[in-house]
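This report concerns only the one structure given below.
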Amino acid sequence: MVHNGAYAAVIQFVENNGYRITGPFRESYIVGIWNKESEEEWLTEIQLPVEKISRRQ
């Protein structure tokens with residue numbers, strides 16, 4: 001998933017779509033201060049392990 005915005009929105013997406021977070025986040029900085037002056041152009045990939053919540057029937 002690619003999202004431009006706050007972590008809270010990503011977490012809300014996970015929870016609202018039947019998943020749960022199963023471990024710590026990991027960040028990969030794609031574009032940052034080293035090659036872009038404007039913070040609005042920075043790009044960070046957020047990786048979080050999730051699993052689908054099974055529904056009991």
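In the structure tokens, chains take letters A, B, ... by order of appearance, with residues numbered from 1 within each chain and ligands from 1 in the order shown.
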Show me, as a PDB file with C-alpha atoms, in the first residue's frame, the residues that have an atom within 10 Å of Glu27 of chain A when counting only C-alpha atoms, minus same-chain residues fewer than 2 positions from it.
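The new file around-v2.pdb reads:
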```pdb
ATOM      1  CA  PHE A  25       7.146  -1.085  11.867  1.00  0.00           C
ATOM      2  CA  TYR A  29      13.721   6.307   3.325  1.00  0.00           C
ATOM      3  CA  ILE A  30      13.307   6.609  -0.450  1.00  0.00           C
ATOM      4  CA  THR A  44       9.289   7.104   3.284  1.00  0.00           C
ATOM      5  CA  GLU A  45       8.118   3.537   2.749  1.00  0.00           C
ATOM      6  CA  ILE A  46       6.470   2.173   5.889  1.00  0.00           C
ATOM      7  CA  GLN A  47       6.435  -1.590   6.224  1.00  0.00           C
ATOM      8  CA  LEU A  48       4.361  -3.303   8.865  1.00  0.00           C
TER       9      LEU A  48
END
```
Original post:
Could you state the separation of atom CA of Ile53 of chain A and atom CA of Val10 of chain A in Å, given to one decimal place?
Top reply: 16.7 Å
**OP:** Quick one: everything within 8 Å of Val50 of chain A, counting only C-alpha atoms, minus sequence neighbours fewer than 3 positions away in the same chain. Send it as a ChimeraX atom specification.
**Re:** /A:14,19-23
Go ahead and dump the residues you just picked, all heavy atoms, as an mmCIF file, in the first residue's frame.
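Result went into out-v2.cif, see below:
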```cif
data_model
loop_
_atom_site.group_PDB
_atom_site.id
_atom_site.type_symbol
_atom_site.label_atom_id
_atom_site.label_comp_id
_atom_site.auth_asym_id
_atom_site.auth_seq_id
_atom_site.Cartn_x
_atom_site.Cartn_y
_atom_site.Cartn_z
ATOM 1 N N VAL A 14 -5.579 -0.406 8.009
ATOM 2 C CA VAL A 14 -5.328 -1.802 8.385
ATOM 3 C C VAL A 14 -6.482 -2.328 9.237
ATOM 4 O O VAL A 14 -7.061 -3.385 8.956
ATOM 5 C CB VAL A 14 -3.976 -1.940 9.122
ATOM 6 C CG1 VAL A 14 -3.840 -3.305 9.772
ATOM 7 C CG2 VAL A 14 -2.825 -1.671 8.180
ATOM 8 N N TYR A 19 -7.533 -6.488 9.178
ATOM 9 C CA TYR A 19 -6.176 -6.942 9.462
ATOM 10 C C TYR A 19 -5.767 -6.498 10.853
ATOM 11 O O TYR A 19 -6.371 -5.620 11.441
ATOM 12 C CB TYR A 19 -5.187 -6.351 8.448
ATOM 13 C CG TYR A 19 -5.362 -6.881 7.058
ATOM 14 C CD1 TYR A 19 -6.235 -6.263 6.172
ATOM 15 C CD2 TYR A 19 -4.674 -8.000 6.622
ATOM 16 C CE1 TYR A 19 -6.409 -6.749 4.882
ATOM 17 C CE2 TYR A 19 -4.838 -8.493 5.337
ATOM 18 C CZ TYR A 19 -5.712 -7.852 4.469
ATOM 19 O OH TYR A 19 -5.888 -8.337 3.207
ATOM 20 N N ARG A 20 -4.708 -7.102 11.359
ATOM 21 C CA ARG A 20 -4.120 -6.636 12.609
ATOM 22 C C ARG A 20 -2.605 -6.603 12.433
ATOM 23 O O ARG A 20 -2.028 -7.421 11.712
ATOM 24 C CB ARG A 20 -4.539 -7.487 13.789
ATOM 25 C CG ARG A 20 -3.875 -8.812 13.883
ATOM 26 C CD ARG A 20 -4.169 -9.500 15.214
ATOM 27 N NE ARG A 20 -4.216 -10.926 14.942
ATOM 28 C CZ ARG A 20 -5.201 -11.717 15.276
ATOM 29 N NH1 ARG A 20 -6.228 -11.253 15.937
ATOM 30 N NH2 ARG A 20 -5.167 -12.990 14.969
ATOM 31 N N ILE A 21 -1.990 -5.668 13.105
ATOM 32 C CA ILE A 21 -0.539 -5.511 13.054
ATOM 33 C C ILE A 21 0.083 -6.561 13.973
ATOM 34 O O ILE A 21 -0.333 -6.716 15.112
ATOM 35 C CB ILE A 21 -0.141 -4.082 13.478
ATOM 36 C CG1 ILE A 21 -0.768 -3.079 12.506
ATOM 37 C CG2 ILE A 21 1.374 -3.935 13.533
ATOM 38 C CD1 ILE A 21 -0.658 -1.639 12.939
ATOM 39 N N THR A 22 1.090 -7.279 13.461
ATOM 40 C CA THR A 22 1.660 -8.396 14.219
ATOM 41 C C THR A 22 3.102 -8.179 14.660
ATOM 42 O O THR A 22 3.707 -9.080 15.223
ATOM 43 C CB THR A 22 1.588 -9.689 13.385
ATOM 44 O OG1 THR A 22 2.350 -9.498 12.188
ATOM 45 C CG2 THR A 22 0.157 -10.053 13.056
ATOM 46 N N GLY A 23 3.654 -7.013 14.399
ATOM 47 C CA GLY A 23 5.042 -6.768 14.792
ATOM 48 C C GLY A 23 5.406 -5.315 14.617
ATOM 49 O O GLY A 23 4.561 -4.482 14.304
#
```
**OP:** Looking only at strand (DSSP E or B) from DSSP on the backbone, list the matching residues of chain A as an MDAnalysis selection string.
**Re:** chainID A and resid 19:21 26:31 43:47 50:52
N, CA, C and O atoms of the current selection, written as an mmCIF file, in the first residue's frame:
```cif
data_model
loop_
_atom_site.group_PDB
_atom_site.id
_atom_site.type_symbol
_atom_site.label_atom_id
_atom_site.label_comp_id
_atom_site.auth_asym_id
_atom_site.auth_seq_id
_atom_site.Cartn_x
_atom_site.Cartn_y
_atom_site.Cartn_z
ATOM 1 N N TYR A 19 -7.533 -6.488 9.178
ATOM 2 C CA TYR A 19 -6.176 -6.942 9.462
ATOM 3 C C TYR A 19 -5.767 -6.498 10.853
ATOM 4 O O TYR A 19 -6.371 -5.620 11.441
ATOM 5 N N ARG A 20 -4.708 -7.102 11.359
ATOM 6 C CA ARG A 20 -4.120 -6.636 12.609
ATOM 7 C C ARG A 20 -2.605 -6.603 12.433
ATOM 8 O O ARG A 20 -2.028 -7.421 11.712
ATOM 9 N N ILE A 21 -1.990 -5.668 13.105
ATOM 10 C CA ILE A 21 -0.539 -5.511 13.054
ATOM 11 C C ILE A 21 0.083 -6.561 13.973
ATOM 12 O O ILE A 21 -0.333 -6.716 15.112
ATOM 13 N N ARG A 26 8.758 -0.896 10.118
ATOM 14 C CA ARG A 26 10.084 -0.696 9.538
ATOM 15 C C ARG A 26 9.969 0.440 8.535
ATOM 16 O O ARG A 26 8.994 0.505 7.793
ATOM 17 N N GLU A 27 10.924 1.339 8.509
ATOM 18 C CA GLU A 27 10.907 2.467 7.592
ATOM 19 C C GLU A 27 12.066 2.368 6.613
ATOM 20 O O GLU A 27 13.177 2.023 6.991
ATOM 21 N N SER A 28 11.785 2.687 5.357
ATOM 22 C CA SER A 28 12.810 2.768 4.330
ATOM 23 C C SER A 28 12.696 4.149 3.697
ATOM 24 O O SER A 28 11.665 4.485 3.117
ATOM 25 N N TYR A 29 13.745 4.942 3.827
ATOM 26 C CA TYR A 29 13.721 6.307 3.325
ATOM 27 C C TYR A 29 14.085 6.304 1.843
ATOM 28 O O TYR A 29 15.217 6.007 1.483
ATOM 29 N N ILE A 30 13.132 6.646 1.000
ATOM 30 C CA ILE A 30 13.307 6.609 -0.450
ATOM 31 C C ILE A 30 13.859 7.946 -0.957
ATOM 32 O O ILE A 30 14.805 7.983 -1.723
ATOM 33 N N VAL A 31 13.229 9.024 -0.568
ATOM 34 C CA VAL A 31 13.637 10.375 -0.950
ATOM 35 C C VAL A 31 13.661 11.206 0.326
ATOM 36 O O VAL A 31 12.717 11.164 1.112
ATOM 37 N N LEU A 43 9.912 11.033 0.755
ATOM 38 C CA LEU A 43 9.111 9.816 0.632
ATOM 39 C C LEU A 43 9.700 8.726 1.519
ATOM 40 O O LEU A 43 10.889 8.407 1.408
ATOM 41 N N THR A 44 8.877 8.189 2.398
ATOM 42 C CA THR A 44 9.289 7.104 3.284
ATOM 43 C C THR A 44 8.345 5.928 3.078
ATOM 44 O O THR A 44 7.132 6.085 3.115
ATOM 45 N N GLU A 45 8.916 4.766 2.850
ATOM 46 C CA GLU A 45 8.118 3.537 2.749
ATOM 47 C C GLU A 45 7.979 2.976 4.154
ATOM 48 O O GLU A 45 8.971 2.767 4.855
ATOM 49 N N ILE A 46 6.739 2.746 4.567
ATOM 50 C CA ILE A 46 6.470 2.173 5.889
ATOM 51 C C ILE A 46 6.050 0.726 5.681
ATOM 52 O O ILE A 46 5.116 0.446 4.945
ATOM 53 N N GLN A 47 6.752 -0.169 6.330
ATOM 54 C CA GLN A 47 6.435 -1.590 6.224
ATOM 55 C C GLN A 47 5.966 -2.071 7.589
ATOM 56 O O GLN A 47 6.610 -1.809 8.595
ATOM 57 N N VAL A 50 1.330 -7.615 8.878
ATOM 58 C CA VAL A 50 -0.087 -7.742 9.223
ATOM 59 C C VAL A 50 -0.555 -9.157 8.940
ATOM 60 O O VAL A 50 0.073 -9.900 8.190
ATOM 61 N N GLU A 51 -1.663 -9.508 9.553
ATOM 62 C CA GLU A 51 -2.322 -10.768 9.218
ATOM 63 C C GLU A 51 -3.817 -10.508 9.163
ATOM 64 O O GLU A 51 -4.330 -9.630 9.855
ATOM 65 N N LYS A 52 -4.481 -11.254 8.302
ATOM 66 C CA LYS A 52 -5.906 -11.137 8.154
ATOM 67 C C LYS A 52 -6.560 -11.723 9.399
ATOM 68 O O LYS A 52 -6.167 -12.790 9.880
#
```
To test your reading of the structure, identify every residue in chain A that backbone DSSP assigns to helix (DSSP H, G or I), and report it as a PDB file with all heavy atoms, in the first residue's frame.
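Output contents, as saved in selection-v2.pdb:
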```pdb
ATOM      1  N   TYR A   7       0.897   8.336   9.781  1.00  0.00           N
ATOM      2  CA  TYR A   7       0.850   6.923  10.178  1.00  0.00           C
ATOM      3  C   TYR A   7      -0.545   6.517  10.632  1.00  0.00           C
ATOM      4  O   TYR A   7      -0.981   5.404  10.387  1.00  0.00           O
ATOM      5  CB  TYR A   7       1.807   6.677  11.335  1.00  0.00           C
ATOM      6  CG  TYR A   7       3.250   6.494  10.958  1.00  0.00           C
ATOM      7  CD1 TYR A   7       3.945   7.466  10.256  1.00  0.00           C
ATOM      8  CD2 TYR A   7       3.922   5.350  11.327  1.00  0.00           C
ATOM      9  CE1 TYR A   7       5.278   7.297   9.939  1.00  0.00           C
ATOM     10  CE2 TYR A   7       5.255   5.166  11.021  1.00  0.00           C
ATOM     11  CZ  TYR A   7       5.928   6.152  10.320  1.00  0.00           C
ATOM     12  OH  TYR A   7       7.234   5.975  10.011  1.00  0.00           O
ATOM     13  N   ALA A   8      -1.222   7.408  11.325  1.00  0.00           N
ATOM     14  CA  ALA A   8      -2.546   7.079  11.865  1.00  0.00           C
ATOM     15  C   ALA A   8      -3.495   6.627  10.765  1.00  0.00           C
ATOM     16  O   ALA A   8      -4.298   5.712  10.965  1.00  0.00           O
ATOM     17  CB  ALA A   8      -3.123   8.274  12.608  1.00  0.00           C
ATOM     18  N   ALA A   9      -3.399   7.228   9.594  1.00  0.00           N
ATOM     19  CA  ALA A   9      -4.275   6.842   8.485  1.00  0.00           C
ATOM     20  C   ALA A   9      -3.959   5.425   8.002  1.00  0.00           C
ATOM     21  O   ALA A   9      -4.868   4.668   7.647  1.00  0.00           O
ATOM     22  CB  ALA A   9      -4.149   7.840   7.339  1.00  0.00           C
ATOM     23  N   VAL A  10      -2.692   5.059   8.003  1.00  0.00           N
ATOM     24  CA  VAL A  10      -2.300   3.709   7.589  1.00  0.00           C
ATOM     25  C   VAL A  10      -2.824   2.685   8.599  1.00  0.00           C
ATOM     26  O   VAL A  10      -3.388   1.650   8.232  1.00  0.00           O
ATOM     27  CB  VAL A  10      -0.768   3.606   7.434  1.00  0.00           C
ATOM     28  CG1 VAL A  10      -0.352   2.168   7.144  1.00  0.00           C
ATOM     29  CG2 VAL A  10      -0.275   4.542   6.354  1.00  0.00           C
ATOM     30  N   ILE A  11      -2.647   2.982   9.868  1.00  0.00           N
ATOM     31  CA  ILE A  11      -3.128   2.073  10.921  1.00  0.00           C
ATOM     32  C   ILE A  11      -4.640   1.930  10.850  1.00  0.00           C
ATOM     33  O   ILE A  11      -5.179   0.824  10.954  1.00  0.00           O
ATOM     34  CB  ILE A  11      -2.670   2.572  12.306  1.00  0.00           C
ATOM     35  CG1 ILE A  11      -1.147   2.461  12.400  1.00  0.00           C
ATOM     36  CG2 ILE A  11      -3.345   1.786  13.424  1.00  0.00           C
ATOM     37  CD1 ILE A  11      -0.551   3.156  13.587  1.00  0.00           C
ATOM     38  N   GLN A  12      -5.332   3.014  10.626  1.00  0.00           N
ATOM     39  CA  GLN A  12      -6.794   2.970  10.512  1.00  0.00           C
ATOM     40  C   GLN A  12      -7.214   2.114   9.314  1.00  0.00           C
ATOM     41  O   GLN A  12      -8.142   1.322   9.397  1.00  0.00           O
ATOM     42  CB  GLN A  12      -7.363   4.375  10.380  1.00  0.00           C
ATOM     43  CG  GLN A  12      -8.877   4.389  10.353  1.00  0.00           C
ATOM     44  CD  GLN A  12      -9.429   5.809  10.319  1.00  0.00           C
ATOM     45  OE1 GLN A  12      -8.711   6.765  10.070  1.00  0.00           O
ATOM     46  NE2 GLN A  12     -10.705   5.936  10.566  1.00  0.00           N
ATOM     47  N   PHE A  13      -6.509   2.242   8.192  1.00  0.00           N
ATOM     48  CA  PHE A  13      -6.810   1.427   7.015  1.00  0.00           C
ATOM     49  C   PHE A  13      -6.665  -0.053   7.343  1.00  0.00           C
ATOM     50  O   PHE A  13      -7.527  -0.871   6.999  1.00  0.00           O
ATOM     51  CB  PHE A  13      -5.886   1.791   5.848  1.00  0.00           C
ATOM     52  CG  PHE A  13      -6.065   0.902   4.661  1.00  0.00           C
ATOM     53  CD1 PHE A  13      -7.010   1.193   3.705  1.00  0.00           C
ATOM     54  CD2 PHE A  13      -5.297  -0.245   4.512  1.00  0.00           C
ATOM     55  CE1 PHE A  13      -7.194   0.352   2.613  1.00  0.00           C
ATOM     56  CE2 PHE A  13      -5.471  -1.085   3.428  1.00  0.00           C
ATOM     57  CZ  PHE A  13      -6.426  -0.790   2.472  1.00  0.00           C
ATOM     58  N   VAL A  14      -5.579  -0.406   8.009  1.00  0.00           N
ATOM     59  CA  VAL A  14      -5.328  -1.802   8.385  1.00  0.00           C
ATOM     60  C   VAL A  14      -6.482  -2.328   9.237  1.00  0.00           C
ATOM     61  O   VAL A  14      -7.061  -3.385   8.956  1.00  0.00           O
ATOM     62  CB  VAL A  14      -3.976  -1.940   9.122  1.00  0.00           C
ATOM     63  CG1 VAL A  14      -3.840  -3.305   9.772  1.00  0.00           C
ATOM     64  CG2 VAL A  14      -2.825  -1.671   8.180  1.00  0.00           C
ATOM     65  N   GLU A  15      -6.825  -1.596  10.273  1.00  0.00           N
ATOM     66  CA  GLU A  15      -7.874  -2.035  11.199  1.00  0.00           C
ATOM     67  C   GLU A  15      -9.255  -2.074  10.535  1.00  0.00           C
ATOM     68  O   GLU A  15     -10.045  -2.977  10.807  1.00  0.00           O
ATOM     69  CB  GLU A  15      -7.889  -1.123  12.417  1.00  0.00           C
ATOM     70  CG  GLU A  15      -6.633  -1.271  13.261  1.00  0.00           C
ATOM     71  CD  GLU A  15      -6.527  -0.245  14.376  1.00  0.00           C
ATOM     72  OE1 GLU A  15      -7.319   0.724  14.401  1.00  0.00           O
ATOM     73  OE2 GLU A  15      -5.632  -0.418  15.223  1.00  0.00           O
ATOM     74  N   ASN A  16      -9.536  -1.126   9.663  1.00  0.00           N
ATOM     75  CA  ASN A  16     -10.847  -1.066   9.013  1.00  0.00           C
ATOM     76  C   ASN A  16     -11.033  -2.112   7.931  1.00  0.00           C
ATOM     77  O   ASN A  16     -12.141  -2.304   7.439  1.00  0.00           O
ATOM     78  CB  ASN A  16     -11.089   0.320   8.413  1.00  0.00           C
ATOM     79  CG  ASN A  16     -11.301   1.387   9.457  1.00  0.00           C
ATOM     80  OD1 ASN A  16     -11.558   1.095  10.627  1.00  0.00           O
ATOM     81  ND2 ASN A  16     -11.178   2.633   9.051  1.00  0.00           N
ATOM     82  N   GLU A  39      10.406  19.265   2.466  1.00  0.00           N
ATOM     83  CA  GLU A  39       9.865  18.102   3.180  1.00  0.00           C
ATOM     84  C   GLU A  39       8.670  17.506   2.451  1.00  0.00           C
ATOM     85  O   GLU A  39       8.398  16.315   2.564  1.00  0.00           O
ATOM     86  CB  GLU A  39       9.450  18.485   4.598  1.00  0.00           C
ATOM     87  CG  GLU A  39      10.613  18.701   5.526  1.00  0.00           C
ATOM     88  CD  GLU A  39      10.170  18.945   6.952  1.00  0.00           C
ATOM     89  OE1 GLU A  39       9.164  18.353   7.395  1.00  0.00           O
ATOM     90  OE2 GLU A  39      10.854  19.730   7.633  1.00  0.00           O
ATOM     91  N   GLU A  40       7.939  18.319   1.718  1.00  0.00           N
ATOM     92  CA  GLU A  40       6.764  17.836   0.989  1.00  0.00           C
ATOM     93  C   GLU A  40       7.136  16.845  -0.103  1.00  0.00           C
ATOM     94  O   GLU A  40       6.299  16.078  -0.557  1.00  0.00           O
ATOM     95  CB  GLU A  40       5.995  19.020   0.401  1.00  0.00           C
ATOM     96  CG  GLU A  40       5.392  19.895   1.484  1.00  0.00           C
ATOM     97  CD  GLU A  40       4.830  21.199   0.943  1.00  0.00           C
ATOM     98  OE1 GLU A  40       5.024  21.514  -0.238  1.00  0.00           O
ATOM     99  OE2 GLU A  40       4.204  21.911   1.744  1.00  0.00           O
ATOM    100  N   GLU A  41       8.395  16.816  -0.514  1.00  0.00           N
ATOM    101  CA  GLU A  41       8.851  15.882  -1.544  1.00  0.00           C
ATOM    102  C   GLU A  41       9.477  14.613  -0.970  1.00  0.00           C
ATOM    103  O   GLU A  41       9.780  13.689  -1.706  1.00  0.00           O
ATOM    104  CB  GLU A  41       9.860  16.573  -2.460  1.00  0.00           C
ATOM    105  CG  GLU A  41       9.284  17.710  -3.265  1.00  0.00           C
ATOM    106  CD  GLU A  41      10.321  18.308  -4.182  1.00  0.00           C
ATOM    107  OE1 GLU A  41      10.488  17.764  -5.293  1.00  0.00           O
ATOM    108  OE2 GLU A  41      10.963  19.298  -3.782  1.00  0.00           O
TER     109      GLU A  41
END
```
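Residue nearest Arg55 of chain A, chosen from A:Ala6, A:Pro24, A:Asn35, A:Gly18 and counting only C-alpha atoms: A:Gly18.
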